Number of protein chains: 2
Amino acid sequence: MATSYAERTQAPPAPDTGPTRRAVIDCDLHNVVPSTEALFPYLPAHWREHITNTLFKGVIDSAYPPSAPVTAQPGSAPGDGRPAGSDLDLLRSQVLDPLGVEIGVLCCAYAVDSLHNPDAAVALSRAVNDWQVAEWLDREPRLRASIVVPSQIPQLAAAEIERVGDHPGFVQVCLPVRSPHPYGSRLFHPLWEAAVRHGLVGGIRFGGSPGNPPTPSGWPSYYFEEYAGMAQVFQSQVVSLVAEGVFDQFPDLRVTLIEGGFTWLPSFMWRLDKEWRNLRRLVPWVRRPPSEYIREHIRLTVQPLDAPPDARHLLQIVEEIGSDEVLLYASDYPHLHDADPERVLLSRLPEALAQKIRSENARSWYRLAS
Amino acid sequence: MATSYAERTQAPPAPDTGPTRRAVIDCDLHNVVPSTEALFPYLPAHWREHITNTLFKGVIDSAYPPSAPVTAQPGSAPGDGRPAGSDLDLLRSQVLDPLGVEIGVLCCAYAVDSLHNPDAAVALSRAVNDWQVAEWLDREPRLRASIVVPSQIPQLAAAEIERVGDHPGFVQVCLPVRSPHPYGSRLFHPLWEAAVRHGLVGGIRFGGSPGNPPTPSGWPSYYFEEYAGMAQVFQSQVVSLVAEGVFDQFPDLRVTLIEGGFTWLPSFMWRLDKEWRNLRRLVPWVRRPPSEYIREHIRLTVQPLDAPPDARHLLQIVEEIGSDEVLLYASDYPHLHDADPERVLLSRLPEALAQKIRSENARSWYRLAS
């Protein structure tokens, strides 16, 4: 990949001046905690001492291994040992400025869900969120952020949402798609209730380290399997949310699927609608076809874009989704993907729809001031 | 559903006489073991005594609960207490005769995979296979069958394939799609090796009772979730088979996905191909794009047909699959599905392709004499 991310995403370049400028709202930017020590200013003395004395190296997130090709595009690591995605200035110069990002929604994938010690999970969640406020939101007005929560214990997650949920910079709760129980389970009602009460989106994101295998048939052998198979994990979470009636229980709940692809959505909705007609007596609280709940309550970011070899087929997918509202622009910075949404998708769509995907869907979904 | 299966599948009726008759090869017919006692003639004295004394009621297969709407179409149970799918005469009068089935491939979903006692799993597998020979294959020349194996212990499965694999009536090994380990794992090499050596197809079928949850996020609450979500289990098995290089290790291996739907295939292949380009250095033995392996080594039965509301979209899916060879006709008798493949799919395709799906793809895939 010889060209830079900015070069690729700007090709073909569009004049970007004055009233013709196309606003972009980027719904998937990753801000990465550079090290456990970076959280020390936001941790109580007890945990600073504990971390120092136990040589705790920080949470383990296997979703994006440091040396995997997808983890970091060239130039996104600061070069001082900190990981890609940990530097605000690079975020500005590599994404916010060159792409003309009006608003960017951060999704911090800090893996508190991997911790078995619930007190540590709470302390680190709080530290990460205070770090997000001080080091990202307070410093860059174009940014919004996602609350990191100990999702493995939903009541504790709800308490953290309660603590910071009214900060105007937080627009979302960040939830790893891999989880020990399906997110539709009643176990998670406290979490969804808190998110809805604070007007926050539930952002289900790629990855997670819950301890259980990432496939319904046990542990795969290679990261390639886990990466490609993550789309199936997203699908099973949507089945659960719809089937358990979470959207009936919380009619204002909005869920964004972040980094799970979207080309699987049409055929997935066909199957879900068909089996709902067949088996709806088992879930009588699901009163409408699942696809209606999905189009109303779920949005999907466009990156990674699992583009077909034939460009016509991608346009068919967009048509089959059956709604202009559900796709949200995302660069997924600093992760590396080959397909550029502007070139592969947006430039081929009617301009009104393209602009909805670039910014207007997100503006309305995240209730961003225009 | 007031009309009978035969009425529905024959509407619109086609004259079915002489040289204009359209041959059908039905690749998914279920023959159901009516009771554990029905296997007594095929079990050693030790196991007859054990089953009698322990009040063992037979294996537990949760894939098709007896009272679920999808389990049995009206009239498919003999009415004497035996379950739907257990009576050869009904199979003849409800499917083989009215649909003009030239050859029907039985897929017996007897859940030996649910047994923790490996000796019991072996004994019951042997009994079921001998029962299939005596009570189905020997009595009805239009039938072929699938070998039931203790798939949870691949070496024992290989031994059973060795024992009966050369019987001309067996064309396939029946494997539940839910499994404790992904089928690409090296654990399963002995099973695949035996299947290939005996010229048998690996038939991965809906269901299974391995003990681990049917989703990558733990146990769902409702059967609706398990049923609709089974498509994701199929997908994760295909990821595993391709990524582990099983088709490179066994170039003659053929795998049929039975009852998992097929409309998900195109977008699934797009993602898999894309991530292979991205991550292929992790699986260097996968030398070609995954979609090429899939089109060459995998077939899918068309029932259940997760049909979209717009018929054009289904034709787009068939085009996107990119091969005329991969779909196989199936009625899935005695399971109940609403969409009739002839009406919804085949009658809308070019006749040459429709006839390939009705019979010619299966004839060549299963190496059936014409």
# chains A, B, ... in the order shown; residues from 1 in each chain; ligands from 1
$ closest_atom_pairs --of "chain A" --to "chain B" --cutoff "7 Å" --atoms "only C-alpha atoms" --output "JSON lines"
{"residue": "A:Pro69", "atom": "CA", "partner": "B:Leu279", "partner_atom": "CA", "distance": 6.9}
{"residue": "A:Arg178", "atom": "CA", "partner": "B:Ser217", "partner_atom": "CA", "distance": 6.0}
{"residue": "A:Ser179", "atom": "CA", "partner": "B:Ser217", "partner_atom": "CA", "distance": 5.1}
{"residue": "A:Pro180", "atom": "CA", "partner": "B:Ser217", "partner_atom": "CA", "distance": 5.2}
{"residue": "A:His181", "atom": "CA", "partner": "B:Gly218", "partner_atom": "CA", "distance": 4.7}
{"residue": "A:Pro182", "atom": "CA", "partner": "B:Ser217", "partner_atom": "CA", "distance": 5.2}
{"residue": "A:Pro213", "atom": "CA", "partner": "B:Pro216", "partner_atom": "CA", "distance": 6.3}
{"residue": "A:Pro214", "atom": "CA", "partner": "B:Pro216", "partner_atom": "CA", "distance": 5.0}
{"residue": "A:Thr215", "atom": "CA", "partner": "B:Pro216", "partner_atom": "CA", "distance": 4.5}
{"residue": "A:Pro216", "atom": "CA", "partner": "B:Thr215", "partner_atom": "CA", "distance": 4.5}
{"residue": "A:Ser217", "atom": "CA", "partner": "B:Ser179", "partner_atom": "CA", "distance": 5.1}
{"residue": "A:Gly218", "atom": "CA", "partner": "B:His181", "partner_atom": "CA", "distance": 4.7}
{"residue": "A:Trp219", "atom": "CA", "partner": "B:His181", "partner_atom": "CA", "distance": 6.5}
{"residue": "A:Pro220", "atom": "CA", "partner": "B:Pro182", "partner_atom": "CA", "distance": 6.5}
{"residue": "A:Phe224", "atom": "CA", "partner": "B:Leu279", "partner_atom": "CA", "distance": 6.0}
{"residue": "A:Glu225", "atom": "CA", "partner": "B:Val239", "partner_atom": "CA", "distance": 6.0}
{"residue": "A:Ala228", "atom": "CA", "partner": "B:Leu272", "partner_atom": "CA", "distance": 5.9}
{"residue": "A:Gly229", "atom": "CA", "partner": "B:Ser236", "partner_atom": "CA", "distance": 6.1}
{"residue": "A:Gln232", "atom": "CA", "partner": "B:Gln232", "partner_atom": "CA", "distance": 5.4}
{"residue": "A:Val233", "atom": "CA", "partner": "B:Pro216", "partner_atom": "CA", "distance": 5.9}
{"residue": "A:Ser236", "atom": "CA", "partner": "B:Gly229", "partner_atom": "CA", "distance": 6.1}
{"residue": "A:Val239", "atom": "CA", "partner": "B:Glu225", "partner_atom": "CA", "distance": 6.0}
{"residue": "A:Ser240", "atom": "CA", "partner": "B:Glu225", "partner_atom": "CA", "distance": 6.5}
{"residue": "A:Ala243", "atom": "CA", "partner": "B:Glu225", "partner_atom": "CA", "distance": 6.6}
{"residue": "A:Thr263", "atom": "CA", "partner": "B:Ser267", "partner_atom": "CA", "distance": 5.6}
{"residue": "A:Trp264", "atom": "CA", "partner": "B:Ser267", "partner_atom": "CA", "distance": 5.5}
{"residue": "A:Ser267", "atom": "CA", "partner": "B:Trp264", "partner_atom": "CA", "distance": 5.5}
{"residue": "A:Phe268", "atom": "CA", "partner": "B:Trp264", "partner_atom": "CA", "distance": 6.9}
{"residue": "A:Trp270", "atom": "CA", "partner": "B:Pro308", "partner_atom": "CA", "distance": 5.2}
{"residue": "A:Arg271", "atom": "CA", "partner": "B:Asp306", "partner_atom": "CA", "distance": 4.8}
{"residue": "A:Leu272", "atom": "CA", "partner": "B:Ala228", "partner_atom": "CA", "distance": 5.9}
{"residue": "A:Lys274", "atom": "CA", "partner": "B:Asp306", "partner_atom": "CA", "distance": 6.6}
{"residue": "A:Glu275", "atom": "CA", "partner": "B:Ala228", "partner_atom": "CA", "distance": 6.1}
{"residue": "A:Asn278", "atom": "CA", "partner": "B:Pro69", "partner_atom": "CA", "distance": 6.9}
{"residue": "A:Leu279", "atom": "CA", "partner": "B:Phe224", "partner_atom": "CA", "distance": 6.0}
{"residue": "A:Leu282", "atom": "CA", "partner": "B:Phe224", "partner_atom": "CA", "distance": 6.8}
{"residue": "A:Asp306", "atom": "CA", "partner": "B:Arg271", "partner_atom": "CA", "distance": 4.8}
{"residue": "A:Ala307", "atom": "CA", "partner": "B:Trp270", "partner_atom": "CA", "distance": 6.1}
{"residue": "A:Pro308", "atom": "CA", "partner": "B:Trp270", "partner_atom": "CA", "distance": 5.2}
$ residues_around --residues "stretch 101-107 of chain A" --least-positions-apart "3" --cutoff "10 Å" --atoms "only C-alpha atoms" --output "JSON, numbers by chain"
{"A": [22, 23, 24, 25, 26, 27, 28, 29, 30, 31, 32, 92, 95, 96, 97, 98, 110, 132, 136, 137, 140, 141, 142, 143, 144, 145, 146, 147, 148, 169, 170, 171, 172, 173, 174, 175, 203, 204, 205, 258, 330, 331, 332, 333, 358, 359, 362, 363, 366, 368, 369, 370]}
$ residues_around --residues "B:Ser151" --least-positions-apart "3" --cutoff "9 Å" --atoms "only C-alpha atoms" --output "MDAnalysis selection string"
chainID B and resid 112:113 148 154:158 174:176 179 188 191
$ select_by_dssp --residues "stretch 319-354 of chain A" --states "helix (DSSP H, G or I)" --output "list of chain:residue names"
A:Glu319, A:Glu320, A:Ile321, A:Pro341, A:Glu342, A:Arg343, A:Val344, A:Leu346, A:Ser347, A:Arg348, A:Glu351, A:Ala352, A:Leu353, A:Ala354
$ closest_residue --among "B:His335, B:Arg197, B:Arg295, B:Arg348" --to "B:Glu259" --atoms "only C-alpha atoms"
B:His335
$ residues_around --residues "stretch 350-357 of chain A" --least-positions-apart "4" --cutoff "6 Å" --atoms "only C-alpha atoms" --output "PyMOL selection string"
chain A and resi 327-329+346+361
$ atom_distance --atom1 "atom CA of B:Val246" --atom2 "atom CA of B:Gln303"
26.1 Å
$ residues_around --residues "A:Ser125" --least-positions-apart "3" --cutoff "7 Å" --atoms "only C-alpha atoms" --output "list in words"
Val112, Ala121, Val122, Val128, Asn129, Val148, Val149 and Pro150 of chain A
$ select_by_dssp --residues "stretch 131-237 of chain B" --states "strand (DSSP E)" --output "compact mmCIF listing (two decimals) with all heavy atoms, in the first residue's frame"
# COMPACT_ATOMS: atom_id res chain seq x y z
N LEU B 143 -33.72 -44.36 -3.00
CA LEU B 143 -33.06 -43.68 -1.90
C LEU B 143 -31.56 -43.90 -1.84
O LEU B 143 -31.06 -44.95 -2.20
CB LEU B 143 -33.69 -44.12 -0.56
CG LEU B 143 -35.14 -43.70 -0.34
CD1 LEU B 143 -35.64 -44.24 1.00
CD2 LEU B 143 -35.30 -42.18 -0.39
N ARG B 144 -30.85 -42.87 -1.37
CA ARG B 144 -29.48 -42.97 -0.92
C ARG B 144 -29.47 -42.46 0.51
O ARG B 144 -30.43 -41.84 0.96
CB ARG B 144 -28.52 -42.14 -1.78
CG ARG B 144 -28.52 -42.51 -3.26
CD ARG B 144 -28.00 -43.91 -3.55
NE ARG B 144 -27.99 -44.19 -4.98
CZ ARG B 144 -29.06 -44.64 -5.66
NH1 ARG B 144 -30.21 -44.86 -5.03
NH2 ARG B 144 -28.98 -44.86 -6.96
N ALA B 145 -28.38 -42.67 1.25
CA ALA B 145 -28.40 -42.30 2.66
C ALA B 145 -27.08 -41.69 3.11
O ALA B 145 -26.07 -41.73 2.40
CB ALA B 145 -28.74 -43.52 3.53
N SER B 146 -27.12 -41.13 4.32
CA SER B 146 -25.94 -40.49 4.93
C SER B 146 -25.54 -41.27 6.17
O SER B 146 -26.39 -41.61 7.00
CB SER B 146 -26.28 -39.05 5.33
OG SER B 146 -26.76 -38.32 4.23
N ILE B 147 -24.26 -41.52 6.29
CA ILE B 147 -23.76 -42.29 7.43
C ILE B 147 -23.80 -41.44 8.69
O ILE B 147 -23.28 -40.31 8.70
CB ILE B 147 -22.31 -42.77 7.16
CG1 ILE B 147 -22.26 -43.62 5.89
CG2 ILE B 147 -21.77 -43.54 8.36
CD1 ILE B 147 -20.84 -43.98 5.47
N VAL B 148 -24.43 -41.96 9.74
CA VAL B 148 -24.44 -41.29 11.03
C VAL B 148 -23.17 -41.70 11.77
O VAL B 148 -22.84 -42.90 11.85
CB VAL B 148 -25.70 -41.69 11.82
CG1 VAL B 148 -25.61 -41.23 13.27
CG2 VAL B 148 -26.93 -41.09 11.14
N PHE B 170 -24.78 -45.58 0.58
CA PHE B 170 -24.30 -44.42 1.32
C PHE B 170 -23.50 -43.49 0.40
O PHE B 170 -22.52 -43.93 -0.22
CB PHE B 170 -23.43 -44.84 2.51
CG PHE B 170 -24.23 -45.42 3.65
CD1 PHE B 170 -24.00 -46.73 4.09
CD2 PHE B 170 -25.21 -44.67 4.29
CE1 PHE B 170 -24.72 -47.27 5.14
CE2 PHE B 170 -25.94 -45.21 5.35
CZ PHE B 170 -25.71 -46.51 5.77
N VAL B 171 -23.92 -42.25 0.35
CA VAL B 171 -23.22 -41.28 -0.50
C VAL B 171 -22.66 -40.11 0.30
O VAL B 171 -22.02 -39.22 -0.25
CB VAL B 171 -24.17 -40.71 -1.59
CG1 VAL B 171 -24.60 -41.81 -2.55
CG2 VAL B 171 -25.39 -40.01 -0.97
N GLN B 172 -22.88 -40.13 1.61
CA GLN B 172 -22.57 -38.93 2.40
C GLN B 172 -22.35 -39.33 3.86
O GLN B 172 -22.88 -40.33 4.33
CB GLN B 172 -23.77 -37.99 2.29
CG GLN B 172 -23.64 -36.65 2.94
CD GLN B 172 -24.74 -35.69 2.45
OE1 GLN B 172 -24.47 -34.81 1.65
NE2 GLN B 172 -25.96 -35.87 2.92
N VAL B 173 -21.58 -38.50 4.57
CA VAL B 173 -21.45 -38.60 6.02
C VAL B 173 -22.20 -37.42 6.62
O VAL B 173 -22.02 -36.28 6.19
CB VAL B 173 -19.97 -38.54 6.46
CG1 VAL B 173 -19.85 -38.60 7.97
CG2 VAL B 173 -19.17 -39.67 5.80
N CYS B 174 -23.05 -37.71 7.58
CA CYS B 174 -23.92 -36.68 8.14
C CYS B 174 -23.26 -36.05 9.37
O CYS B 174 -22.98 -36.74 10.36
CB CYS B 174 -25.25 -37.32 8.50
SG CYS B 174 -26.48 -36.15 9.04
N LEU B 175 -23.03 -34.74 9.33
CA LEU B 175 -22.35 -34.05 10.42
C LEU B 175 -23.20 -32.87 10.88
O LEU B 175 -23.57 -32.01 10.08
CB LEU B 175 -21.00 -33.52 9.94
CG LEU B 175 -20.03 -34.59 9.42
CD1 LEU B 175 -18.86 -33.93 8.71
CD2 LEU B 175 -19.55 -35.46 10.57
N PRO B 176 -23.51 -32.80 12.17
CA PRO B 176 -24.29 -31.65 12.65
C PRO B 176 -23.47 -30.37 12.58
O PRO B 176 -22.27 -30.38 12.91
CB PRO B 176 -24.60 -32.02 14.10
CG PRO B 176 -23.56 -33.02 14.49
CD PRO B 176 -23.16 -33.74 13.24
N VAL B 201 -19.46 -37.64 0.36
CA VAL B 201 -19.60 -36.21 0.62
C VAL B 201 -19.71 -35.99 2.12
O VAL B 201 -20.28 -36.81 2.84
CB VAL B 201 -20.86 -35.68 -0.10
CG1 VAL B 201 -21.20 -34.25 0.33
CG2 VAL B 201 -20.68 -35.76 -1.61
N GLY B 202 -19.15 -34.89 2.61
CA GLY B 202 -19.40 -34.47 3.99
C GLY B 202 -20.65 -33.62 4.01
O GLY B 202 -20.66 -32.53 3.43
N GLY B 203 -21.71 -34.12 4.63
CA GLY B 203 -22.98 -33.39 4.64
C GLY B 203 -23.17 -32.68 5.98
O GLY B 203 -23.54 -33.31 6.96
N ILE B 204 -22.89 -31.40 6.02
CA ILE B 204 -23.04 -30.63 7.27
C ILE B 204 -24.48 -30.14 7.34
O ILE B 204 -24.94 -29.41 6.47
CB ILE B 204 -22.03 -29.47 7.30
CG1 ILE B 204 -20.60 -30.02 7.27
CG2 ILE B 204 -22.25 -28.62 8.54
CD1 ILE B 204 -19.52 -28.95 7.36
N ARG B 205 -25.17 -30.59 8.37
CA ARG B 205 -26.62 -30.37 8.43
C ARG B 205 -27.01 -29.49 9.61
O ARG B 205 -26.31 -29.42 10.62
CB ARG B 205 -27.34 -31.71 8.56
CG ARG B 205 -26.93 -32.50 9.82
CD ARG B 205 -28.11 -33.16 10.49
NE ARG B 205 -27.68 -33.96 11.64
CZ ARG B 205 -27.92 -33.61 12.92
NH1 ARG B 205 -28.55 -32.48 13.20
NH2 ARG B 205 -27.51 -34.38 13.91
$ closest_residue --among "A:Asp130, A:Ala123, A:Arg82, A:Ile161" --to "A:Ala45" --atoms "only C-alpha atoms"
A:Ala123
$ closest_residue --among "B:Leu115, B:Ala63, B:Leu200, B:Val133" --to "B:Arg367" --atoms "only C-alpha atoms"
B:Leu200
$ closest_residue --among "B:Ala134, B:Ala77, B:Leu55, B:Val255" --to "B:Asp89" --atoms "only C-alpha atoms"
B:Ala77
